[in-house]
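Heads up, query.txt below (compact mmCIF, C-alpha atoms):
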```
# COMPACT_ATOMS: atom_id res chain seq x y z
CA MET A 3 -58.99 69.83 -85.34
CA VAL A 4 -57.74 67.42 -87.99
CA THR A 5 -61.24 66.84 -89.32
CA ALA A 6 -62.18 70.51 -89.20
CA VAL A 7 -59.03 71.54 -91.07
CA ALA A 8 -59.49 68.78 -93.67
CA SER A 9 -63.12 69.77 -94.27
CA GLN A 10 -62.55 73.52 -93.87
CA LEU A 11 -66.06 73.24 -92.41
CA HIS A 12 -67.57 73.57 -95.87
CA ALA A 13 -71.33 73.25 -95.52
CA THR A 14 -72.70 70.24 -97.37
CA PRO A 15 -75.46 70.81 -99.92
CA TYR A 16 -77.02 67.50 -98.81
CA ASN A 17 -78.21 68.94 -95.51
CA ASN A 18 -81.30 66.76 -95.04
CA PHE A 19 -80.90 66.83 -91.27
CA VAL A 20 -81.02 70.62 -91.21
CA LEU A 21 -84.22 70.47 -93.26
CA LEU A 22 -85.68 67.86 -90.90
CA ALA A 23 -84.73 69.94 -87.85
CA GLN A 24 -86.53 72.91 -89.40
CA ALA A 25 -89.59 70.74 -90.02
CA LEU A 26 -89.66 69.40 -86.46
CA LEU A 27 -89.33 72.92 -85.07
CA ALA A 28 -92.28 73.91 -87.26
CA GLY A 29 -94.34 71.06 -85.79
CA HIS A 30 -94.42 68.57 -88.68
CA THR A 31 -92.30 65.71 -90.02
CA TRP A 32 -92.30 66.54 -93.75
CA ILE A 33 -89.60 68.82 -95.11
CA ASP A 34 -89.73 71.82 -97.42
CA TRP A 35 -88.16 69.97 -100.33
CA PRO A 36 -85.72 72.19 -102.25
CA GLY A 37 -85.28 69.85 -105.20
CA SER A 38 -84.19 66.47 -106.50
CA TYR A 39 -80.64 66.81 -105.16
CA ILE A 40 -82.10 66.13 -101.69
CA ASP A 41 -83.00 62.47 -101.19
CA ALA A 42 -86.49 62.51 -99.72
CA LEU A 43 -89.41 60.12 -100.10
CA PRO A 44 -92.57 61.52 -101.71
CA TYR A 45 -95.53 60.31 -99.65
CA ASN A 46 -99.10 61.61 -99.41
CA GLY A 47 -98.23 64.90 -101.08
CA HIS A 48 -95.14 65.69 -98.97
CA TYR A 49 -91.45 64.76 -98.87
CA PHE A 50 -89.90 62.91 -95.94
CA VAL A 51 -86.36 62.19 -94.77
CA ILE A 52 -86.12 58.40 -94.34
CA GLU A 53 -82.86 58.37 -92.35
CA GLY A 54 -82.97 58.12 -88.56
CA PRO A 55 -83.77 61.50 -86.96
CA LEU A 56 -81.12 61.65 -84.21
CA PRO A 57 -78.69 64.01 -86.05
CA ALA A 58 -81.63 66.33 -86.79
CA LEU A 59 -82.55 66.35 -83.09
CA LEU A 60 -78.97 67.31 -82.23
CA LEU A 61 -79.12 70.15 -84.76
CA MET A 62 -82.42 71.59 -83.56
CA PRO A 63 -80.94 74.14 -81.10
CA LEU A 64 -78.60 75.47 -83.81
CA VAL A 65 -81.33 75.46 -86.43
CA ALA A 66 -83.57 77.40 -84.04
CA LEU A 67 -80.87 80.09 -83.95
CA PHE A 68 -79.45 80.05 -87.48
CA GLY A 69 -82.12 78.39 -89.60
CA ALA A 70 -81.09 77.05 -93.00
CA ARG A 71 -77.59 78.52 -92.54
CA THR A 72 -76.80 75.84 -89.94
CA ASN A 73 -73.70 73.89 -90.96
CA GLN A 74 -74.42 70.16 -90.87
CA THR A 75 -70.76 69.37 -91.56
CA GLY A 76 -69.87 71.00 -88.24
CA LEU A 77 -72.01 68.43 -86.43
CA ALA A 78 -70.24 65.60 -88.26
CA VAL A 79 -66.86 67.04 -87.25
CA VAL A 80 -67.87 67.23 -83.57
CA LEU A 81 -69.33 63.72 -83.57
CA ALA A 82 -66.14 62.34 -85.14
CA ALA A 83 -64.10 63.99 -82.40
CA VAL A 84 -66.33 62.53 -79.68
CA ALA A 85 -66.05 59.12 -81.36
CA VAL A 86 -62.25 59.20 -81.23
CA GLY A 87 -62.36 60.45 -77.63
CA ALA A 88 -64.73 57.62 -76.72
CA ALA A 89 -62.41 55.11 -78.39
CA TRP A 90 -59.49 56.46 -76.34
CA GLU A 91 -61.50 56.13 -73.12
CA LEU A 92 -62.55 52.63 -74.14
CA GLY A 93 -58.92 51.68 -74.54
CA GLU A 94 -58.09 53.12 -71.11
CA ARG A 95 -60.88 51.11 -69.49
CA LEU A 96 -59.79 47.94 -71.26
CA GLY A 97 -56.28 48.33 -69.84
CA VAL A 98 -54.56 49.10 -73.17
CA ARG A 99 -51.22 50.90 -73.21
CA ARG A 100 -51.53 54.48 -74.37
CA THR A 101 -49.18 54.03 -77.31
CA SER A 102 -51.40 51.21 -78.55
CA ILE A 103 -54.52 53.31 -77.98
CA ALA A 104 -53.01 56.09 -80.07
CA TRP A 105 -52.35 53.73 -82.96
CA VAL A 106 -55.88 52.32 -82.91
CA CYS A 107 -57.52 55.75 -82.52
CA ALA A 108 -55.52 57.06 -85.48
CA PHE A 109 -56.76 54.09 -87.47
CA LEU A 110 -60.36 54.72 -86.41
CA LEU A 111 -60.23 58.31 -87.59
CA ALA A 112 -58.34 58.04 -90.85
CA GLY A 113 -57.96 54.31 -91.57
CA THR A 114 -61.72 53.81 -91.81
CA ASP A 115 -64.30 55.94 -93.63
CA LEU A 116 -64.91 57.99 -90.46
CA LEU A 117 -62.72 60.92 -91.53
CA TRP A 118 -64.08 60.88 -95.08
CA CYS A 119 -67.68 60.87 -93.86
CA ALA A 120 -67.07 63.69 -91.37
CA VAL A 121 -65.16 65.80 -93.87
CA LEU A 122 -68.04 65.73 -96.37
CA GLY A 123 -70.86 65.86 -93.81
CA ASP A 124 -73.61 64.71 -96.19
CA VAL A 125 -76.81 63.30 -94.73
CA TRP A 126 -75.83 59.66 -95.19
CA PHE A 127 -72.30 60.24 -93.94
CA THR A 128 -73.29 62.26 -90.87
CA ALA A 129 -75.60 59.38 -89.94
CA HIS A 130 -72.62 57.00 -90.05
CA VAL A 131 -70.46 59.27 -87.90
CA SER A 132 -73.26 59.62 -85.37
CA ALA A 133 -73.78 55.85 -85.17
CA VAL A 134 -70.05 55.25 -84.62
CA CYS A 135 -69.92 57.94 -81.95
CA PHE A 136 -72.82 56.66 -79.86
CA THR A 137 -71.90 52.99 -80.29
CA LEU A 138 -68.46 53.70 -78.86
CA LEU A 139 -70.05 55.67 -76.02
CA ALA A 140 -72.26 52.65 -75.26
CA LEU A 141 -69.18 50.41 -75.15
CA VAL A 142 -67.43 52.90 -72.86
CA GLU A 143 -70.35 52.75 -70.42
CA LEU A 144 -70.36 48.94 -70.61
CA THR A 145 -66.71 48.94 -69.51
CA GLY A 146 -67.48 51.30 -66.63
CA LYS A 147 -70.48 51.66 -64.32
CA ARG A 148 -72.74 49.72 -66.70
CA ARG A 149 -75.78 51.88 -66.04
CA GLY A 150 -78.52 50.24 -68.05
CA TRP A 151 -80.48 53.41 -68.74
CA LEU A 152 -77.42 55.21 -70.12
CA VAL A 153 -76.43 52.27 -72.33
CA ALA A 154 -80.01 52.31 -73.67
CA ILE A 155 -79.79 56.04 -74.47
CA PHE A 156 -76.49 55.65 -76.32
CA ALA A 157 -77.79 52.58 -78.15
CA ALA A 158 -80.95 54.44 -79.15
CA CYS A 159 -78.91 57.37 -80.43
CA ALA A 160 -76.90 54.90 -82.52
CA PHE A 161 -79.86 53.08 -84.04
CA GLU A 162 -81.78 56.31 -84.60
CA SER A 163 -78.78 57.33 -86.70
CA ARG A 164 -78.30 54.02 -88.52
CA PHE A 165 -81.17 51.56 -88.07
CA SER A 166 -78.98 48.46 -88.43
CA MET A 167 -77.45 49.25 -85.01
CA ILE A 168 -80.66 48.07 -83.30
CA VAL A 169 -79.62 44.44 -83.63
CA ALA A 170 -76.77 45.07 -81.15
CA LEU A 171 -79.26 45.50 -78.28
CA PRO A 172 -79.15 41.83 -77.16
CA VAL A 173 -75.36 42.01 -76.91
CA TYR A 174 -75.59 45.13 -74.75
CA ALA A 175 -78.11 43.36 -72.51
CA PHE A 176 -75.74 40.40 -72.16
CA LEU A 177 -72.79 42.62 -71.23
CA LEU A 178 -74.93 44.50 -68.70
CA ALA A 179 -75.89 41.27 -66.94
CA ALA A 180 -72.65 39.31 -67.24
CA GLU A 181 -70.71 38.43 -64.09
CA SER A 182 -73.02 40.34 -61.76
CA PRO A 183 -75.10 39.31 -58.72
CA ARG A 184 -78.72 38.55 -59.46
CA ALA A 185 -79.99 41.76 -57.88
CA VAL A 186 -77.55 43.87 -59.90
CA GLN A 187 -78.54 42.08 -63.10
CA VAL A 188 -82.21 42.79 -62.46
CA ARG A 189 -81.52 46.46 -61.73
CA ARG A 190 -79.34 47.01 -64.78
CA LEU A 191 -81.55 45.14 -67.22
CA GLY A 192 -84.64 46.73 -65.69
CA SER A 193 -83.35 50.25 -66.25
CA PHE A 194 -82.12 49.26 -69.73
CA CYS A 195 -85.55 48.01 -70.79
CA ALA A 196 -87.38 50.80 -68.96
CA MET A 197 -85.49 53.42 -70.95
CA LEU A 198 -86.09 51.62 -74.24
CA VAL A 199 -89.88 51.66 -73.68
CA PRO A 200 -90.42 55.45 -74.00
CA ILE A 201 -87.87 55.53 -76.82
CA GLY A 202 -89.89 52.86 -78.63
CA ILE A 203 -93.13 54.78 -78.01
CA LEU A 204 -91.63 57.97 -79.45
CA TRP A 205 -90.42 56.05 -82.47
CA VAL A 206 -93.89 54.58 -83.08
CA LEU A 207 -95.44 58.05 -82.78
CA TYR A 208 -92.88 59.42 -85.24
CA ASN A 209 -93.78 56.69 -87.74
CA GLU A 210 -97.47 57.40 -87.26
CA ALA A 211 -96.84 61.09 -87.93
CA ARG A 212 -94.94 60.31 -91.13
CA TRP A 213 -96.57 57.28 -92.66
CA GLY A 214 -99.82 56.81 -90.79
CA THR A 215 -98.59 53.40 -89.58
CA LEU A 216 -96.87 52.22 -86.42
CA SER A 217 -93.88 50.74 -88.25
CA ASP A 218 -91.23 52.39 -90.41
CA ILE A 219 -91.93 51.82 -94.11
CA GLY A 220 -89.53 54.50 -95.36
CA TYR A 221 -86.69 52.36 -96.66
CA SER A 222 -89.04 49.80 -98.23
CA ALA A 223 -91.02 52.55 -99.96
CA TRP A 224 -87.76 54.09 -101.20
CA TYR A 225 -86.63 50.69 -102.51
CA HIS A 226 -89.90 50.33 -104.42
CA LEU A 227 -89.35 53.70 -106.12
CA ASP A 228 -85.59 53.41 -106.69
CA GLN A 229 -84.60 52.55 -110.26
CA VAL A 230 -82.08 49.99 -108.95
CA GLY A 231 -84.64 48.56 -106.50
CA MET A 232 -87.77 46.53 -107.15
CA PRO A 233 -91.44 47.54 -107.13
CA THR A 234 -92.33 45.07 -104.37
CA GLY A 235 -90.75 43.18 -101.51
CA SER A 236 -87.94 43.89 -99.07
CA PRO A 237 -84.69 45.74 -99.81
CA PHE A 238 -82.91 43.01 -97.81
CA ARG A 239 -82.48 39.89 -99.94
CA LEU A 240 -80.05 36.98 -100.11
CA GLU A 241 -79.63 37.61 -103.85
CA TYR A 242 -77.68 40.80 -103.04
CA LEU A 243 -75.07 38.95 -100.96
CA GLY A 244 -72.75 38.23 -103.91
CA ASN A 245 -72.43 41.88 -104.91
CA GLN A 246 -71.91 42.90 -101.29
CA LEU A 247 -69.13 40.34 -100.78
CA TRP A 248 -67.41 41.63 -103.91
CA SER A 249 -67.88 45.22 -102.73
CA PHE A 250 -66.56 44.64 -99.22
CA PHE A 251 -63.64 42.35 -100.05
CA ALA A 252 -62.64 42.52 -103.74
CA GLN A 253 -63.51 45.87 -105.35
CA LEU A 254 -60.42 47.75 -106.56
CA PRO A 255 -59.89 51.36 -107.67
CA THR A 256 -59.41 51.95 -111.39
CA VAL A 257 -55.83 52.32 -112.64
CA LEU A 258 -55.32 55.47 -114.74
CA PRO A 259 -52.56 56.08 -117.33
CA SER A 260 -51.69 59.48 -115.82
CA PHE A 261 -52.04 61.55 -112.63
CA PRO A 262 -53.62 60.82 -110.16
CA TRP A 263 -52.89 57.22 -111.35
CA LEU A 264 -55.77 55.68 -109.35
CA ARG A 265 -59.47 56.51 -109.33
CA PRO A 266 -61.82 55.20 -106.62
CA GLU A 267 -65.10 54.58 -108.39
CA PHE A 268 -68.40 55.78 -106.92
CA SER A 269 -69.23 52.22 -105.92
CA GLY A 270 -66.32 52.32 -103.46
CA VAL A 271 -63.15 50.39 -102.68
CA ALA A 272 -63.07 47.14 -100.71
CA LEU A 273 -61.94 47.01 -97.07
CA THR A 274 -59.19 44.65 -98.20
CA TRP A 275 -57.46 47.59 -99.85
CA THR A 276 -58.55 50.52 -97.65
CA SER A 277 -58.55 49.14 -94.08
CA PRO A 278 -56.42 45.97 -93.87
CA ALA A 279 -55.46 46.85 -90.29
CA LEU A 280 -58.85 45.41 -89.28
CA LEU A 281 -57.00 42.07 -89.36
CA LEU A 282 -55.74 42.93 -85.87
CA ALA A 283 -59.25 42.28 -84.53
CA PHE A 284 -58.79 38.55 -85.24
CA PHE A 285 -55.97 38.40 -82.68
CA ALA A 286 -58.10 39.44 -79.69
CA ARG A 287 -58.18 36.59 -77.18
CA SER A 288 -59.27 37.89 -73.79
CA PRO A 289 -61.38 38.56 -71.86
CA VAL A 290 -63.28 35.79 -73.62
CA ARG A 291 -66.69 37.23 -72.68
CA TRP A 292 -65.88 40.53 -74.36
CA VAL A 293 -64.24 38.98 -77.41
CA LEU A 294 -67.26 36.76 -78.08
CA ALA A 295 -69.76 39.56 -77.42
CA LEU A 296 -67.97 41.99 -79.74
CA TRP A 297 -67.77 39.44 -82.54
CA VAL A 298 -71.45 38.61 -82.16
CA ALA A 299 -72.34 42.31 -82.25
CA ALA A 300 -70.17 42.91 -85.33
CA ILE A 301 -71.70 39.96 -87.18
CA LEU A 302 -75.28 40.86 -86.24
CA VAL A 303 -74.85 44.45 -87.40
CA ALA A 304 -73.04 43.37 -90.56
CA ILE A 305 -75.81 41.01 -91.71
CA PRO A 306 -78.32 43.66 -92.87
CA ASN A 307 -75.54 45.51 -94.68
CA PHE A 308 -74.50 42.35 -96.53
CA LEU A 309 -78.09 41.71 -97.62
CA TYR A 310 -79.01 45.28 -98.63
CA TYR A 311 -79.72 46.08 -102.26
CA VAL A 312 -76.99 48.73 -102.61
CA ASN A 313 -73.49 48.85 -101.16
CA GLY A 314 -73.54 52.56 -100.29
CA PHE A 315 -73.02 53.78 -103.85
CA ALA A 316 -71.39 57.26 -103.85
CA GLN A 317 -68.55 56.66 -101.41
CA PHE A 318 -64.87 56.15 -100.81
CA GLY A 319 -64.07 52.81 -99.25
CA MET A 320 -67.09 50.97 -97.85
CA ARG A 321 -69.03 53.37 -95.68
CA HIS A 322 -71.55 50.73 -94.55
CA ALA A 323 -68.67 49.01 -92.75
CA LEU A 324 -68.77 51.87 -90.22
CA ASP A 325 -71.84 50.18 -88.73
CA PHE A 326 -69.81 47.22 -87.46
CA GLU A 327 -66.33 48.73 -87.27
CA PRO A 328 -66.77 50.15 -83.72
CA PHE A 329 -66.92 46.56 -82.45
CA LEU A 330 -63.88 45.61 -84.53
CA VAL A 331 -61.99 48.63 -83.18
CA ALA A 332 -62.74 47.42 -79.63
CA LEU A 333 -61.39 43.99 -80.62
CA MET A 334 -58.28 45.66 -82.04
CA MET A 335 -57.80 47.34 -78.65
CA LEU A 336 -57.95 43.96 -76.92
CA ALA A 337 -55.51 42.48 -79.44
CA VAL A 338 -52.82 45.15 -78.89
CA ARG A 339 -53.09 45.72 -75.14
CA GLN A 340 -49.34 45.54 -74.56
CA ARG A 341 -48.02 46.62 -77.94
CA VAL A 342 -48.89 46.92 -81.60
CA PRO A 343 -46.78 44.46 -83.61
CA ALA A 344 -44.64 45.90 -86.37
CA TRP A 345 -46.85 44.40 -89.08
CA GLY A 346 -49.88 45.92 -87.34
CA LYS A 347 -48.27 49.37 -87.34
CA ALA A 348 -47.49 48.95 -91.02
CA LEU A 349 -51.11 48.06 -91.82
CA ILE A 350 -52.43 50.94 -89.71
CA ALA A 351 -50.05 53.39 -91.39
CA TYR A 352 -51.07 52.08 -94.81
CA SER A 353 -54.77 52.34 -93.93
CA ILE A 354 -54.31 55.94 -92.76
CA VAL A 355 -52.45 56.93 -95.93
CA VAL A 356 -55.22 55.40 -98.06
CA GLY A 357 -57.90 57.13 -95.98
CA VAL A 358 -56.23 60.51 -96.30
CA TRP A 359 -55.75 59.91 -100.02
CA GLY A 360 -59.46 59.14 -100.34
CA CYS A 361 -60.37 62.43 -98.66
CA TRP A 362 -57.92 64.32 -100.87
CA TYR A 363 -59.23 62.68 -104.03
CA TRP A 364 -62.86 63.48 -103.26
CA LEU A 365 -62.13 67.07 -102.28
CA GLN A 366 -59.88 67.57 -105.30
CA PHE A 367 -61.82 65.80 -108.06
CA VAL A 368 -65.38 65.13 -106.86
CA ARG A 369 -66.36 68.00 -104.56
CA THR A 370 -64.44 70.78 -106.26
```

Whole structure given in C-alpha cells:
Amino acid sequence: MVTAVASQLHATPYNNFVLLAQALLAGHTWIDWPGSYIDALPYNGHYFVIEGPLPALLLMPLVALFGARTNQTGLAVVLAAVAVGAAWELGERLGVRRTSIAWVCAFLLAGTDLLWCAVLGDVWFTAHVSAVCFTLLALVELTGKRRGWLVAIFAACAFESRFSMIVALPVYAFLLAAESPRAVQVRRLGSFCAMLVPIGILWVLYNEARWGTLSDIGYSAWYHLDQVGMPTGSPFRLEYLGNQLWSFFAQLPTVLPSFPWLRPEFSGVALTWTSPALLLAFFARSPVRWVLALWVAAILVAIPNFLYYVNGFAQFGMRHALDFEPFLVALMMLAVRQRVPAWGKALIAYSIVVGVWGCWYWLQFVRT
C-alpha cells in the first residue's frame, strides 16, 4: 500500500519488459522498438532487451489481456510487497523478535533503494526489485524445509532478473547441505541441480534465439556500443574499481543555495549517506554458519558490481547495492534478534527519511 500510494501506480515509459512480453507472446525475442528512449540492443536488424527476462515472463498473462496498456510499475509494486513479506518471514524463521523485524523490514523498504525502484518501475529498477524479492524467498526456503528444487527456482528467478545473482548459487548449495545426514544432502543437492539443468537449457535456447550463440553476449555488445564503454573487451574491469568505490562509499549530493537545498545527482549518492543502517550487519555473530554464508554471498554478488563500467547512472542512492543488500538485511536480522540498539534505530530512521526524500525529489523534480 505504501509503495502503491507513493507511486500512484503511474505507468513507466521505460516499459521494456512489457515490450518483451509482447514479443514472446508473438513467438520471437526481438521487440517492436518504439524509439531511442527504450534501451535495446540493435542486432541483426532487430532490437533486443538485454536485461534478464523473468519480469517479462511474469507480465505475460497481463500483457495477453491488456497488451501495451499493461502497467509495469504495478508489477514492481507487487514484487516489493512480496520482498518485504519474505523478509518478515525470514526474521520469524531466524527467531528475531517482531519489533526488531519491523525495524529491519521498514529499512529494507525505504532505507534502501527498494522503494525508489518500485515507485518508478522502470526496466532497470523493476529488475532490481524482482532480484531482491526472489533472493529473499530463496533465503526463506533455506531457513525452512530447504527443498532444493524450490531454492533453485527462486535463485533462477533472481539471476534471470539480475545476472550477478548467479554467483550466489554455491552459497545456496552449501546451506542446503549443511548439518544434514548424507542421504538428505544428496537428495537436496540432487533436486537443486536437477532443477537448474532445464533452467540452464532454456537459457541457452533463449540466447540462441537472440544472438545465434549459446552464451549471452548482450551486455558485452551493449558495452561495445555505449559511448562510455569501449569498442572491445569486457565491461567488467579492475580499472573501474576506483570509481565504484567512490560511488558506493563517498559520493555526496550537491548542496544548493536555495530550496530544496540538496540535489542528488544522476550518478547517485553513496550508501554511506543513504543507508548507514547497513552497519548493523557487521554485528551479526551467530549462527556462525549462516553469518559466514551470508557474508560470502554478499561479497560474491558485490564483486561484479564493483568491477562494472558504470555505477547505475540515473539513480537515487546506489541501486546496484540492491543485488547484495538482501544478504546484508538477513545479517541485520541476526544482529538484532533480541532488540535493535538505540543507535541502530537512529540509523534506520535516518535511512528511511533519506529514502523517502529521494523518492519525493525524483517525483517532484525529475519525473514531473

* Do a neighbour search on region 245-259 of chain A at 7 Å with only C-alpha atoms, toss out local chain neighbours closer than 5 positions, and write the hits as an MDAnalysis selection string. => chainID A and resid 264:267 271:274 308 313 320

* Between CA of Phe285 (chain A) and CA of Leu336 (chain A), measure the distance and give it in Å to one decimal. =>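 CA of Leu336 (chain A) lies at a distance of 8.2 Å from CA of Phe285 (chain A).
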
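With CA of Thr215 (chain A) on one side and CA of His130 (chain A) on the other, the separation reads 26.2 Å.
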
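With distances restricted to all atoms listed in the file, A:Leu122 is the closest residue to His12 (chain A) from A:Val230, A:Trp263, A:Leu122, A:Pro172.
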
* Atomic distance CA of Leu282 (chain A) - CA of Met334 (chain A), expressed in Å with one decimal ->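 Distance between the two atoms: 5.3 Å.
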
Supply region 299-325 of chain A as a PDB file, in the frame of the given file, with N, CA and C atoms built in where the input has gaps.
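Result file follows (rebuild20.pdb):
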```
ATOM      1  N   ALA A 299     -71.777  41.008 -81.894  1.00  0.00           N
ATOM      2  CA  ALA A 299     -72.340  42.310 -82.250  1.00  0.00           C
ATOM      3  C   ALA A 299     -71.934  42.712 -83.664  1.00  0.00           C
ATOM      4  N   ALA A 300     -70.653  42.543 -83.995  1.00  0.00           N
ATOM      5  CA  ALA A 300     -70.170  42.910 -85.330  1.00  0.00           C
ATOM      6  C   ALA A 300     -70.884  42.108 -86.408  1.00  0.00           C
ATOM      7  N   ILE A 301     -71.051  40.820 -86.185  1.00  0.00           N
ATOM      8  CA  ILE A 301     -71.700  39.960 -87.180  1.00  0.00           C
ATOM      9  C   ILE A 301     -73.177  40.320 -87.321  1.00  0.00           C
ATOM     10  N   LEU A 302     -73.856  40.514 -86.185  1.00  0.00           N
ATOM     11  CA  LEU A 302     -75.280  40.860 -86.240  1.00  0.00           C
ATOM     12  C   LEU A 302     -75.518  42.158 -87.005  1.00  0.00           C
ATOM     13  N   VAL A 303     -74.682  43.153 -86.734  1.00  0.00           N
ATOM     14  CA  VAL A 303     -74.850  44.450 -87.400  1.00  0.00           C
ATOM     15  C   VAL A 303     -74.448  44.372 -88.865  1.00  0.00           C
ATOM     16  N   ALA A 304     -73.484  43.501 -89.181  1.00  0.00           N
ATOM     17  CA  ALA A 304     -73.040  43.370 -90.560  1.00  0.00           C
ATOM     18  C   ALA A 304     -74.085  42.708 -91.447  1.00  0.00           C
ATOM     19  N   ILE A 305     -74.874  41.798 -90.898  1.00  0.00           N
ATOM     20  CA  ILE A 305     -75.810  41.010 -91.710  1.00  0.00           C
ATOM     21  C   ILE A 305     -76.727  41.871 -92.565  1.00  0.00           C
ATOM     22  N   PRO A 306     -77.455  42.859 -91.995  1.00  0.00           N
ATOM     23  CA  PRO A 306     -78.320  43.660 -92.870  1.00  0.00           C
ATOM     24  C   PRO A 306     -77.559  44.416 -93.949  1.00  0.00           C
ATOM     25  N   ASN A 307     -76.324  44.811 -93.669  1.00  0.00           N
ATOM     26  CA  ASN A 307     -75.540  45.510 -94.680  1.00  0.00           C
ATOM     27  C   ASN A 307     -75.115  44.581 -95.816  1.00  0.00           C
ATOM     28  N   PHE A 308     -74.900  43.310 -95.506  1.00  0.00           N
ATOM     29  CA  PHE A 308     -74.500  42.350 -96.530  1.00  0.00           C
ATOM     30  C   PHE A 308     -75.689  41.842 -97.341  1.00  0.00           C
ATOM     31  N   LEU A 309     -76.899  42.153 -96.899  1.00  0.00           N
ATOM     32  CA  LEU A 309     -78.090  41.710 -97.620  1.00  0.00           C
ATOM     33  C   LEU A 309     -78.831  42.876 -98.271  1.00  0.00           C
ATOM     34  N   TYR A 310     -78.324  44.091 -98.111  1.00  0.00           N
ATOM     35  CA  TYR A 310     -79.010  45.280 -98.630  1.00  0.00           C
ATOM     36  C   TYR A 310     -78.804  45.396-100.131  1.00  0.00           C
ATOM     37  N   TYR A 311     -79.721  46.081-100.789  1.00  0.00           N
ATOM     38  CA  TYR A 311     -79.720  46.080-102.260  1.00  0.00           C
ATOM     39  C   TYR A 311     -78.656  46.981-102.872  1.00  0.00           C
ATOM     40  N   VAL A 312     -78.104  47.926-102.119  1.00  0.00           N
ATOM     41  CA  VAL A 312     -76.990  48.730-102.610  1.00  0.00           C
ATOM     42  C   VAL A 312     -75.876  48.706-101.574  1.00  0.00           C
ATOM     43  N   ASN A 313     -74.652  48.949-102.047  1.00  0.00           N
ATOM     44  CA  ASN A 313     -73.490  48.850-101.160  1.00  0.00           C
ATOM     45  C   ASN A 313     -73.090  50.183-100.541  1.00  0.00           C
ATOM     46  N   GLY A 314     -73.887  51.228-100.771  1.00  0.00           N
ATOM     47  CA  GLY A 314     -73.540  52.560-100.290  1.00  0.00           C
ATOM     48  C   GLY A 314     -73.375  53.548-101.420  1.00  0.00           C
ATOM     49  N   PHE A 315     -73.162  53.019-102.612  1.00  0.00           N
ATOM     50  CA  PHE A 315     -73.020  53.780-103.850  1.00  0.00           C
ATOM     51  C   PHE A 315     -71.979  54.887-103.696  1.00  0.00           C
ATOM     52  N   ALA A 316     -72.361  56.169-103.799  1.00  0.00           N
ATOM     53  CA  ALA A 316     -71.390  57.260-103.850  1.00  0.00           C
ATOM     54  C   ALA A 316     -70.583  57.285-102.548  1.00  0.00           C
ATOM     55  N   GLN A 317     -69.332  56.828-102.626  1.00  0.00           N
ATOM     56  CA  GLN A 317     -68.550  56.660-101.410  1.00  0.00           C
ATOM     57  C   GLN A 317     -67.090  56.435-101.754  1.00  0.00           C
ATOM     58  N   PHE A 318     -66.224  56.663-100.750  1.00  0.00           N
ATOM     59  CA  PHE A 318     -64.870  56.150-100.810  1.00  0.00           C
ATOM     60  C   PHE A 318     -64.778  55.024 -99.796  1.00  0.00           C
ATOM     61  N   GLY A 319     -64.102  53.951-100.152  1.00  0.00           N
ATOM     62  CA  GLY A 319     -64.070  52.810 -99.250  1.00  0.00           C
ATOM     63  C   GLY A 319     -65.427  52.129 -99.221  1.00  0.00           C
ATOM     64  N   MET A 320     -65.784  51.598 -98.050  1.00  0.00           N
ATOM     65  CA  MET A 320     -67.090  50.970 -97.850  1.00  0.00           C
ATOM     66  C   MET A 320     -67.702  51.592 -96.611  1.00  0.00           C
ATOM     67  N   ARG A 321     -68.511  52.619 -96.823  1.00  0.00           N
ATOM     68  CA  ARG A 321     -69.030  53.370 -95.680  1.00  0.00           C
ATOM     69  C   ARG A 321     -69.963  52.541 -94.808  1.00  0.00           C
ATOM     70  N   HIS A 322     -70.662  51.564 -95.371  1.00  0.00           N
ATOM     71  CA  HIS A 322     -71.550  50.730 -94.550  1.00  0.00           C
ATOM     72  C   HIS A 322     -70.784  49.924 -93.517  1.00  0.00           C
ATOM     73  N   ALA A 323     -69.476  49.730 -93.738  1.00  0.00           N
ATOM     74  CA  ALA A 323     -68.670  49.010 -92.750  1.00  0.00           C
ATOM     75  C   ALA A 323     -68.574  49.772 -91.435  1.00  0.00           C
ATOM     76  N   LEU A 324     -68.813  51.083 -91.461  1.00  0.00           N
ATOM     77  CA  LEU A 324     -68.770  51.870 -90.220  1.00  0.00           C
ATOM     78  C   LEU A 324     -69.817  51.394 -89.215  1.00  0.00           C
ATOM     79  N   ASP A 325     -70.840  50.690 -89.670  1.00  0.00           N
ATOM     80  CA  ASP A 325     -71.840  50.180 -88.730  1.00  0.00           C
ATOM     81  C   ASP A 325     -71.236  49.147 -87.787  1.00  0.00           C
TER      82      ASP A 325
END
```
